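Shown here: structure_33.cif, mmCIF, C-alpha atoms and all ligand atoms.
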```cif
data_model
loop_
_atom_site.group_PDB
_atom_site.id
_atom_site.type_symbol
_atom_site.label_atom_id
_atom_site.label_comp_id
_atom_site.auth_asym_id
_atom_site.auth_seq_id
_atom_site.Cartn_x
_atom_site.Cartn_y
_atom_site.Cartn_z
ATOM 1 C CA MET A 1 30.182 -109.652 53.123
ATOM 2 C CA GLU A 2 32.791 -108.694 55.691
ATOM 3 C CA ASN A 3 32.280 -106.752 58.916
ATOM 4 C CA TYR A 4 34.309 -103.503 59.026
ATOM 5 C CA ASN A 5 33.358 -102.288 62.515
ATOM 6 C CA ILE A 6 36.701 -103.392 63.836
ATOM 7 C CA VAL A 7 38.282 -100.457 61.925
ATOM 8 C CA SER A 8 35.734 -97.728 62.653
ATOM 9 C CA THR A 9 35.729 -98.349 66.400
ATOM 10 C CA ASN A 10 39.503 -98.407 66.695
ATOM 11 C CA LYS A 11 40.282 -95.902 69.469
ATOM 12 C CA HIS A 12 43.908 -95.349 68.421
ATOM 13 C CA LEU A 13 42.723 -93.478 65.292
ATOM 14 C CA MET A 14 41.387 -90.714 67.538
ATOM 15 C CA LYS A 15 44.780 -89.774 68.942
ATOM 16 C CA LYS A 16 46.442 -87.283 66.539
ATOM 17 C CA VAL A 17 50.111 -86.526 65.912
ATOM 18 C CA ASP A 18 51.268 -83.515 63.846
ATOM 19 C CA VAL A 19 53.244 -84.084 60.653
ATOM 20 C CA ARG A 20 55.702 -81.247 60.053
ATOM 21 C CA LEU A 21 54.875 -79.411 56.808
ATOM 22 C CA ASP A 22 58.560 -79.412 55.818
ATOM 23 C CA ASP A 23 58.474 -83.221 55.997
ATOM 24 C CA VAL A 24 56.902 -83.107 52.535
ATOM 25 C CA ARG A 25 57.039 -86.830 51.831
ATOM 26 C CA ARG A 26 55.123 -87.710 54.993
ATOM 27 C CA VAL A 27 52.560 -84.954 54.353
ATOM 28 C CA ILE A 28 51.787 -86.355 50.908
ATOM 29 C CA ARG A 29 51.997 -89.973 52.047
ATOM 30 C CA LEU A 30 49.070 -89.288 54.363
ATOM 31 C CA MET A 31 47.073 -89.702 51.130
ATOM 32 C CA HIS A 32 48.639 -93.072 50.291
ATOM 33 C CA PRO A 33 48.351 -95.966 49.515
ATOM 34 C CA ARG A 34 47.320 -94.962 46.025
ATOM 35 C CA PRO A 35 46.885 -97.079 42.886
ATOM 36 C CA ILE A 36 49.672 -96.554 40.389
ATOM 37 C CA VAL A 37 49.223 -96.259 36.636
ATOM 38 C CA LEU A 38 51.665 -96.439 33.766
ATOM 39 C CA LEU A 39 51.384 -93.488 31.408
ATOM 40 C CA THR A 40 52.528 -94.081 27.865
ATOM 41 C CA CYS A 41 53.445 -91.176 25.625
ATOM 42 C CA SER A 42 55.461 -90.380 22.509
ATOM 43 C CA ASP A 43 57.169 -87.436 20.851
ATOM 44 C CA LYS A 44 56.197 -85.988 17.450
ATOM 45 C CA GLU A 45 58.652 -88.331 15.681
ATOM 46 C CA GLY A 46 57.052 -91.362 17.338
ATOM 47 C CA LYS A 47 59.688 -92.081 20.014
ATOM 48 C CA GLU A 48 57.746 -93.808 22.776
ATOM 49 C CA ASN A 49 58.140 -93.799 26.545
ATOM 50 C CA ALA A 50 56.394 -94.863 29.753
ATOM 51 C CA ILE A 51 56.327 -93.387 33.249
ATOM 52 C CA THR A 52 54.949 -94.707 36.541
ATOM 53 C CA VAL A 53 52.578 -92.304 38.261
ATOM 54 C CA ALA A 54 50.897 -92.537 41.669
ATOM 55 C CA TRP A 55 49.224 -89.162 41.379
ATOM 56 C CA SER A 56 46.267 -89.653 39.047
ATOM 57 C CA THR A 57 42.540 -89.163 39.424
ATOM 58 C CA PRO A 58 39.294 -89.113 37.464
ATOM 59 C CA THR A 59 37.875 -85.576 37.424
ATOM 60 C CA SER A 60 34.603 -85.751 35.449
ATOM 61 C CA PHE A 61 32.016 -88.306 34.215
ATOM 62 C CA GLU A 62 30.629 -86.148 31.388
ATOM 63 C CA PRO A 63 32.781 -85.580 29.533
ATOM 64 C CA PRO A 64 35.053 -88.327 30.890
ATOM 65 C CA MET A 65 38.189 -86.575 32.141
ATOM 66 C CA VAL A 66 41.233 -87.732 34.075
ATOM 67 C CA ALA A 67 44.173 -85.827 35.530
ATOM 68 C CA VAL A 68 47.769 -86.929 36.033
ATOM 69 C CA SER A 69 50.476 -85.039 37.880
ATOM 70 C CA VAL A 70 53.923 -85.181 36.288
ATOM 71 C CA SER A 71 57.153 -83.487 37.308
ATOM 72 C CA PRO A 72 58.865 -81.344 34.630
ATOM 73 C CA LYS A 73 62.067 -83.149 35.630
ATOM 74 C CA ASN A 74 60.714 -86.282 33.983
ATOM 75 C CA TYR A 75 61.286 -86.920 30.283
ATOM 76 C CA SER A 76 57.613 -87.896 29.855
ATOM 77 C CA HIS A 77 56.629 -84.357 30.834
ATOM 78 C CA SER A 78 58.232 -82.954 27.662
ATOM 79 C CA LEU A 79 56.576 -85.638 25.501
ATOM 80 C CA ILE A 80 53.091 -85.042 26.939
ATOM 81 C CA SER A 81 53.567 -81.265 26.634
ATOM 82 C CA GLU A 82 54.687 -81.656 23.021
ATOM 83 C CA THR A 83 52.003 -84.016 21.676
ATOM 84 C CA LYS A 84 49.210 -83.244 24.205
ATOM 85 C CA GLU A 85 48.431 -86.945 24.471
ATOM 86 C CA PHE A 86 48.931 -89.797 26.913
ATOM 87 C CA VAL A 87 47.477 -93.209 27.704
ATOM 88 C CA VAL A 88 46.644 -94.312 31.250
ATOM 89 C CA ASN A 89 47.447 -98.044 31.541
ATOM 90 C CA VAL A 90 46.379 -99.729 34.789
ATOM 91 C CA PRO A 91 48.836 -102.480 35.765
ATOM 92 C CA PRO A 92 47.939 -105.568 37.833
ATOM 93 C CA ILE A 93 50.057 -106.452 40.882
ATOM 94 C CA ASP A 94 51.874 -109.045 38.717
ATOM 95 C CA LEU A 95 53.593 -106.113 36.975
ATOM 96 C CA LEU A 96 55.113 -104.726 40.178
ATOM 97 C CA ASP A 97 58.755 -105.211 39.139
ATOM 98 C CA GLU A 98 58.199 -103.722 35.680
ATOM 99 C CA SER A 99 56.222 -100.788 37.108
ATOM 100 C CA TYR A 100 58.964 -100.037 39.611
ATOM 101 C CA PHE A 101 61.564 -100.209 36.844
ATOM 102 C CA ILE A 102 59.553 -97.787 34.679
ATOM 103 C CA GLY A 103 59.359 -95.445 37.654
ATOM 104 C CA SER A 104 63.080 -95.687 38.420
ATOM 105 C CA TYR A 105 64.737 -95.014 35.048
ATOM 106 C CA SER A 106 64.342 -92.187 32.553
ATOM 107 C CA GLY A 107 63.487 -92.599 28.900
ATOM 108 C CA LYS A 108 66.054 -89.855 28.322
ATOM 109 C CA GLU A 109 68.784 -92.427 28.986
ATOM 110 C CA LEU A 110 67.299 -95.706 27.805
ATOM 111 C CA ASP A 111 64.462 -97.305 25.898
ATOM 112 C CA LYS A 112 62.488 -98.828 28.787
ATOM 113 C CA PHE A 113 60.469 -101.009 26.422
ATOM 114 C CA LYS A 114 63.699 -102.677 25.254
ATOM 115 C CA GLU A 115 64.851 -103.384 28.817
ATOM 116 C CA ILE A 116 61.673 -105.029 30.105
ATOM 117 C CA LYS A 117 59.341 -107.595 28.607
ATOM 118 C CA LEU A 118 56.160 -105.607 28.175
ATOM 119 C CA THR A 119 54.185 -105.534 24.948
ATOM 120 C CA LYS A 120 53.597 -102.206 23.212
ATOM 121 C CA LYS A 121 50.505 -102.134 21.020
ATOM 122 C CA PRO A 122 49.122 -99.281 18.903
ATOM 123 C CA ALA A 123 46.378 -97.288 20.606
ATOM 124 C CA LYS A 124 43.060 -96.580 18.879
ATOM 125 C CA LYS A 125 42.935 -92.758 18.910
ATOM 126 C CA VAL A 126 46.364 -91.459 19.956
ATOM 127 C CA LYS A 127 49.936 -91.960 18.744
ATOM 128 C CA ALA A 128 51.248 -93.153 22.114
ATOM 129 C CA PRO A 129 51.135 -96.969 22.460
ATOM 130 C CA ILE A 130 49.285 -99.030 25.070
ATOM 131 C CA ILE A 131 50.894 -101.621 27.353
ATOM 132 C CA GLU A 132 49.001 -104.820 26.567
ATOM 133 C CA GLU A 133 49.681 -106.596 29.909
ATOM 134 C CA CYS A 134 47.749 -103.869 31.775
ATOM 135 C CA PHE A 135 44.051 -104.471 32.468
ATOM 136 C CA ALA A 136 42.627 -101.052 31.607
ATOM 137 C CA HIS A 137 43.515 -98.362 29.093
ATOM 138 C CA LEU A 138 42.282 -94.779 28.786
ATOM 139 C CA GLU A 139 43.516 -92.842 25.763
ATOM 140 C CA CYS A 140 43.567 -89.139 26.558
ATOM 141 C CA LYS A 141 43.979 -85.781 24.834
ATOM 142 C CA VAL A 142 45.324 -82.992 27.064
ATOM 143 C CA GLU A 143 42.756 -80.214 27.437
ATOM 144 C CA LYS A 144 44.449 -78.247 30.179
ATOM 145 C CA GLU A 145 47.824 -78.012 31.905
ATOM 146 C CA VAL A 146 48.019 -76.579 35.405
ATOM 147 C CA ASN A 147 51.249 -75.806 37.188
ATOM 148 C CA THR A 148 50.645 -76.902 40.769
ATOM 149 C CA GLY A 149 54.111 -76.273 42.221
ATOM 150 C CA ASP A 150 56.832 -78.760 41.366
ATOM 151 C CA HIS A 151 54.463 -80.858 39.200
ATOM 152 C CA THR A 152 52.184 -80.168 36.238
ATOM 153 C CA LEU A 153 48.619 -81.435 36.297
ATOM 154 C CA PHE A 154 47.720 -82.667 32.805
ATOM 155 C CA ILE A 155 43.944 -82.845 32.527
ATOM 156 C CA GLY A 156 42.892 -85.120 29.699
ATOM 157 C CA LEU A 157 39.682 -85.874 27.845
ATOM 158 C CA VAL A 158 39.231 -89.640 27.432
ATOM 159 C CA LEU A 159 39.003 -90.420 23.699
ATOM 160 C CA ALA A 160 38.888 -94.217 24.036
ATOM 161 C CA ALA A 161 38.643 -96.626 26.965
ATOM 162 C CA TYR A 162 38.864 -100.407 27.123
ATOM 163 C CA SER A 163 39.755 -103.202 29.504
ATOM 164 C CA SER A 164 40.578 -106.881 29.703
ATOM 165 C CA GLU A 165 37.503 -109.086 29.318
ATOM 166 C CA GLY A 166 35.610 -109.691 32.532
ATOM 167 C CA ALA A 167 36.819 -106.482 34.169
ATOM 168 C CA PHE A 168 33.347 -105.681 35.492
ATOM 169 C CA THR A 169 31.002 -107.625 37.774
ATOM 170 C CA ASN A 170 27.238 -107.784 37.114
ATOM 171 C CA GLU A 171 26.954 -104.733 39.367
ATOM 172 C CA GLY A 172 29.158 -102.767 36.937
ATOM 173 C CA VAL A 173 32.116 -102.383 39.269
ATOM 174 C CA ILE A 174 35.673 -103.621 38.785
ATOM 175 C CA ASP A 175 35.902 -107.307 39.714
ATOM 176 C CA ILE A 176 38.431 -107.059 42.531
ATOM 177 C CA LYS A 177 38.840 -110.840 42.685
ATOM 178 C CA LYS A 178 40.289 -110.811 39.161
ATOM 179 C CA PHE A 179 41.970 -107.403 38.931
ATOM 180 C CA LYS A 180 44.369 -106.408 41.679
ATOM 181 C CA PRO A 181 45.833 -102.907 41.271
ATOM 182 C CA ILE A 182 49.286 -101.952 42.550
ATOM 183 C CA MET A 183 48.910 -99.677 45.559
ATOM 184 C CA HIS A 184 51.872 -97.440 46.417
ATOM 185 C CA CYS A 185 52.516 -96.822 50.123
ATOM 186 C CA GLY A 186 55.674 -94.752 49.498
ATOM 187 C CA GLY A 187 59.289 -95.400 48.483
ATOM 188 C CA ASN A 188 59.640 -99.019 47.389
ATOM 189 C CA ILE A 189 56.744 -100.275 49.523
ATOM 190 C CA PHE A 190 53.625 -101.472 47.729
ATOM 191 C CA THR A 191 50.499 -103.453 48.488
ATOM 192 C CA THR A 192 47.345 -104.561 46.743
ATOM 193 C CA ILE A 193 43.690 -104.947 47.703
ATOM 194 C CA SER A 194 42.045 -107.916 49.416
ATOM 195 C CA ASP A 195 39.171 -110.019 48.087
ATOM 196 C CA LYS A 196 36.873 -108.681 50.792
ATOM 197 C CA ILE A 197 33.808 -106.703 49.755
ATOM 198 C CA PHE A 198 32.350 -104.134 52.162
ATOM 199 C CA LYS A 199 28.980 -102.446 51.741
ATOM 200 C CA PRO A 200 28.044 -99.499 53.973
ATOM 201 C CA LYS A 201 25.057 -99.698 56.307
ATOM 202 C CA GLU A 202 22.443 -97.004 55.681
ATOM 203 C CA LEU A 203 22.897 -94.696 58.679
ATOM 204 C CA LYS A 204 19.589 -93.211 59.861
ATOM 205 C CA ILE A 205 19.130 -89.411 59.636
HETATM 206 C C1 LIG B 301 55.628 -95.876 42.592
HETATM 207 C C2 LIG B 301 56.066 -94.629 41.867
HETATM 208 C C3 LIG B 301 55.188 -93.563 41.731
HETATM 209 C C4 LIG B 301 55.569 -92.402 41.038
HETATM 210 N N1 LIG B 301 54.660 -91.392 40.881
HETATM 211 C C5 LIG B 301 55.008 -90.296 40.162
HETATM 212 C C6 LIG B 301 54.046 -89.274 39.905
HETATM 213 O O1 LIG B 301 52.889 -89.327 40.330
HETATM 214 N N2 LIG B 301 54.437 -88.210 39.150
HETATM 215 C C7 LIG B 301 55.702 -88.108 38.640
HETATM 216 O O2 LIG B 301 56.008 -87.116 37.978
HETATM 217 N N3 LIG B 301 56.639 -89.066 38.870
HETATM 218 C C8 LIG B 301 56.307 -90.165 39.598
HETATM 219 N N4 LIG B 301 57.217 -91.158 39.809
HETATM 220 C C9 LIG B 301 58.585 -90.977 39.300
HETATM 221 C C10 LIG B 301 58.750 -91.286 37.814
HETATM 222 O O3 LIG B 301 58.046 -92.463 37.459
HETATM 223 C C11 LIG B 301 60.259 -91.450 37.511
HETATM 224 O O4 LIG B 301 60.921 -90.244 37.777
HETATM 225 C C12 LIG B 301 60.535 -91.959 36.094
HETATM 226 O O5 LIG B 301 61.856 -92.429 36.057
HETATM 227 C C13 LIG B 301 60.364 -90.867 35.048
HETATM 228 O O6 LIG B 301 60.597 -91.429 33.790
HETATM 229 P P1 LIG B 301 60.845 -90.547 32.491
HETATM 230 O O7 LIG B 301 62.022 -89.635 32.776
HETATM 231 O O8 LIG B 301 61.164 -91.573 31.423
HETATM 232 O O9 LIG B 301 59.597 -89.797 32.202
HETATM 233 C C14 LIG B 301 56.868 -92.323 40.484
HETATM 234 C C15 LIG B 301 57.759 -93.388 40.627
HETATM 235 C C16 LIG B 301 57.360 -94.540 41.308
HETATM 236 C C17 LIG B 301 58.322 -95.695 41.440
#
```
Here is the file; what I need is its structure written in the form of structure tokens.
Ligand SMILES: Cc1cc2nc3c(=O)[nH]c(=O)nc-3n(C[C@H](O)[C@H](O)[C@H](O)COP(=O)(O)O)c2cc1C
Amino acid sequence: MENYNIVSTNKHLMKKVDVRLDDVRRVIRLMHPRPIVLLTCSDKEGKENAITVAWSTPTSFEPPMVAVSVSPKNYSHSLISETKEFVVNVPPIDLLDESYFIGSYSGKELDKFKEIKLTKKPAKKVKAPIIEECFAHLECKVEKEVNTGDHTLFIGLVLAAYSSEGAFTNEGVIDIKKFKPIMHCGGNIFTTISDKIFKPKELKI
């Protein structure tokens, strides 16, 4: 177990600097790094696409719900709106180049699956495919769409969930030694997590 006191006692964190609210990227990047996911989706005719998303979050245990925020400017937005389905695929750091590619080109102009070597496989409950090289998959049905400004929050009920073998430790948490997510700092800067495990001390009331 690692000691984390070196971070919590760091005096420089106490000195604050304003971020201008019109500097929208910096405002939002105060909540980064964030793990990215690859959403897969398809239209009613079965044309498939994938989009890289840094803005995703679980929202409920029971029922299991997740939310993803997608700009209407993106082609995937129209597909998810049309079929009310998407799959959350969690890529390992090894898929950084492919994930950046998926997040840099639109399925309106090209078939991203043809351009990069990722394996599409049929999902269990939805028409959208899964990306086999990812280590976790959550098949979702959209229950609610919320316009939040320049993005739409698609809130999905998880219909099926599965992972690569050995995803969990005996304690039932993701084995971070085996599965390294891609963390987005902003722009084309990414990182991943370390092997270090921290457990909080029980602070006395
Ligand atoms: C690291 C990264 C994170 C991104 N996060 C989001 C996001 O959370 N929501 C979103 O709408 N677009 C996000 N994008 C942008 C889309 O992935 C990008 O516009 C993509 O080309 C859209 O593809 P599409 O037109 O085929 O749907 C992100 C891109 C990158 C590279």
Suppose a student applies the PyMOL selection byres (((chain A and resi 159-164) around 6) and not hetatm) to this structure; what residues should they get, written as a ChimeraX atom specification? /A:135-140,158,165,167
Written as a ChimeraX atom specification, what is the full residue list that the PyMOL selection byres (((not hetatm)) within 9 of (chain B and resi 301)) yields on the file shown? /A:35-38,49-56,68-79,99-112,151-152,182-190
Which one of A:Glu202, A:Ile193, A:Pro91, A:Lys144 sits closest to Ile130 in chain A if you count all atoms listed in the file?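 The closest residue to Ile130 in chain A is A:Pro91.
Between CA of Gly166 in chain A and CA of Phe179 in chain A lies a distance of 9.3 Å.
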Would you mind telling me which residue in A:Thr83, A:Thr192, A:Gly149, A:Thr40 lies nearest to Ile131 in chain A when using all atoms listed in the file?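 Distance minimum relative to Ile131 in chain A lands on A:Thr40.
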Which of these residues is nearest to Glu145 in chain A, using only C-alpha atoms: A:Lys11, A:Lys127, A:Lys84, A:Arg29?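 Checking each of A:Lys11, A:Lys127, A:Lys84, A:Arg29 against Glu145 in chain A, counting only C-alpha atoms, the winner is A:Lys84.
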Let me make sure I understand: among A:Lys120, A:Lys178, A:Arg26, A:Lys125, which one has the smallest atom-to-atom distance to Leu157 in chain A if we use only C-alpha atoms? A:Lys125
Atomic separation - CA of Thr148 in chain A relative to CA of Leu21 in chain A, Å: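 Separating CA of Leu21 in chain A from CA of Thr148 in chain A is a distance of 16.8 Å.
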From the structure block, carefully write range 159-171 of chain A out with all heavy atoms; format it as a CSV table (one decimal), in the first residue's frame.
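Written file, selection_39.csv:
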```
chain,number,residue,atom,x,y,z
A,159,LEU,N,-28.7,-3.0,-20.5
A,159,LEU,CA,-29.4,-4.3,-20.8
A,159,LEU,C,-28.5,-5.5,-20.6
A,159,LEU,O,-29.0,-6.6,-20.4
A,159,LEU,CB,-30.0,-4.2,-22.2
A,159,LEU,CG,-30.9,-3.1,-22.5
A,159,LEU,CD1,-31.4,-3.2,-24.0
A,159,LEU,CD2,-32.2,-3.1,-21.6
A,160,ALA,N,-27.2,-5.3,-20.9
A,160,ALA,CA,-26.2,-6.4,-20.8
A,160,ALA,C,-24.9,-5.8,-20.5
A,160,ALA,O,-24.6,-4.7,-20.9
A,160,ALA,CB,-26.2,-7.2,-22.1
A,161,ALA,N,-24.1,-6.5,-19.7
A,161,ALA,CA,-22.8,-6.0,-19.3
A,161,ALA,C,-21.8,-7.2,-19.2
A,161,ALA,O,-22.2,-8.2,-18.7
A,161,ALA,CB,-22.8,-5.2,-17.9
A,162,TYR,N,-20.6,-7.0,-19.8
A,162,TYR,CA,-19.6,-8.1,-19.7
A,162,TYR,C,-18.2,-7.5,-19.9
A,162,TYR,O,-18.1,-6.3,-20.3
A,162,TYR,CB,-19.9,-9.2,-20.7
A,162,TYR,CG,-20.4,-8.7,-22.0
A,162,TYR,CD1,-19.6,-8.6,-23.2
A,162,TYR,CD2,-21.8,-8.3,-22.2
A,162,TYR,CE1,-20.1,-8.2,-24.4
A,162,TYR,CE2,-22.2,-7.9,-23.4
A,162,TYR,CZ,-21.4,-7.8,-24.5
A,162,TYR,OH,-21.9,-7.4,-25.7
A,163,SER,N,-17.2,-8.3,-19.5
A,163,SER,CA,-15.9,-7.8,-19.5
A,163,SER,C,-14.9,-8.9,-19.9
A,163,SER,O,-15.3,-10.0,-20.0
A,163,SER,CB,-15.5,-7.3,-18.1
A,163,SER,OG,-15.4,-8.5,-17.2
A,164,SER,N,-13.7,-8.5,-20.1
A,164,SER,CA,-12.6,-9.5,-20.4
A,164,SER,C,-12.5,-10.3,-19.1
A,164,SER,O,-12.7,-9.8,-18.0
A,164,SER,CB,-11.3,-8.8,-20.7
A,164,SER,OG,-11.5,-8.0,-21.8
A,165,GLU,N,-12.1,-11.6,-19.2
A,165,GLU,CA,-11.9,-12.4,-18.0
A,165,GLU,C,-10.8,-11.8,-17.1
A,165,GLU,O,-9.9,-11.2,-17.6
A,165,GLU,CB,-11.3,-13.8,-18.5
A,165,GLU,CG,-12.4,-14.8,-18.5
A,165,GLU,CD,-11.9,-16.2,-19.0
A,165,GLU,OE1,-10.7,-16.4,-19.0
A,165,GLU,OE2,-12.8,-17.0,-19.4
A,166,GLY,N,-11.0,-12.0,-15.8
A,166,GLY,CA,-10.1,-11.5,-14.9
A,166,GLY,C,-10.1,-10.0,-14.6
A,166,GLY,O,-9.2,-9.4,-14.1
A,167,ALA,N,-11.3,-9.4,-15.0
A,167,ALA,CA,-11.4,-7.9,-14.9
A,167,ALA,C,-11.4,-7.5,-13.4
A,167,ALA,O,-11.0,-6.4,-13.0
A,167,ALA,CB,-12.6,-7.4,-15.6
A,168,PHE,N,-12.0,-8.4,-12.6
A,168,PHE,CA,-12.2,-8.0,-11.1
A,168,PHE,C,-11.2,-8.8,-10.2
A,168,PHE,O,-10.8,-9.9,-10.5
A,168,PHE,CB,-13.6,-8.4,-10.7
A,168,PHE,CG,-14.6,-7.6,-11.4
A,168,PHE,CD1,-15.3,-8.1,-12.5
A,168,PHE,CD2,-14.9,-6.3,-11.0
A,168,PHE,CE1,-16.3,-7.3,-13.1
A,168,PHE,CE2,-15.9,-5.5,-11.6
A,168,PHE,CZ,-16.6,-6.0,-12.7
A,169,THR,N,-10.8,-8.1,-9.2
A,169,THR,CA,-9.9,-8.7,-8.1
A,169,THR,C,-10.9,-9.5,-7.2
A,169,THR,O,-12.1,-9.4,-7.3
A,169,THR,CB,-9.2,-7.6,-7.3
A,169,THR,OG1,-10.2,-6.9,-6.6
A,169,THR,CG2,-8.4,-6.7,-8.2
A,170,ASN,N,-10.3,-10.1,-6.2
A,170,ASN,CA,-11.1,-10.9,-5.2
A,170,ASN,C,-12.0,-9.9,-4.4
A,170,ASN,O,-13.0,-10.3,-3.9
A,170,ASN,CB,-10.2,-11.6,-4.2
A,170,ASN,CG,-9.6,-12.8,-5.0
A,170,ASN,OD1,-10.1,-13.2,-6.0
A,170,ASN,ND2,-8.4,-13.3,-4.4
A,171,GLU,N,-11.6,-8.6,-4.4
A,171,GLU,CA,-12.4,-7.6,-3.6
A,171,GLU,C,-13.5,-7.1,-4.5
A,171,GLU,O,-14.2,-6.2,-4.1
A,171,GLU,CB,-11.4,-6.5,-3.2
A,171,GLU,CG,-10.6,-6.8,-2.0
A,171,GLU,CD,-9.8,-5.6,-1.5
A,171,GLU,OE1,-8.7,-5.4,-2.1
A,171,GLU,OE2,-10.2,-5.0,-0.5
```
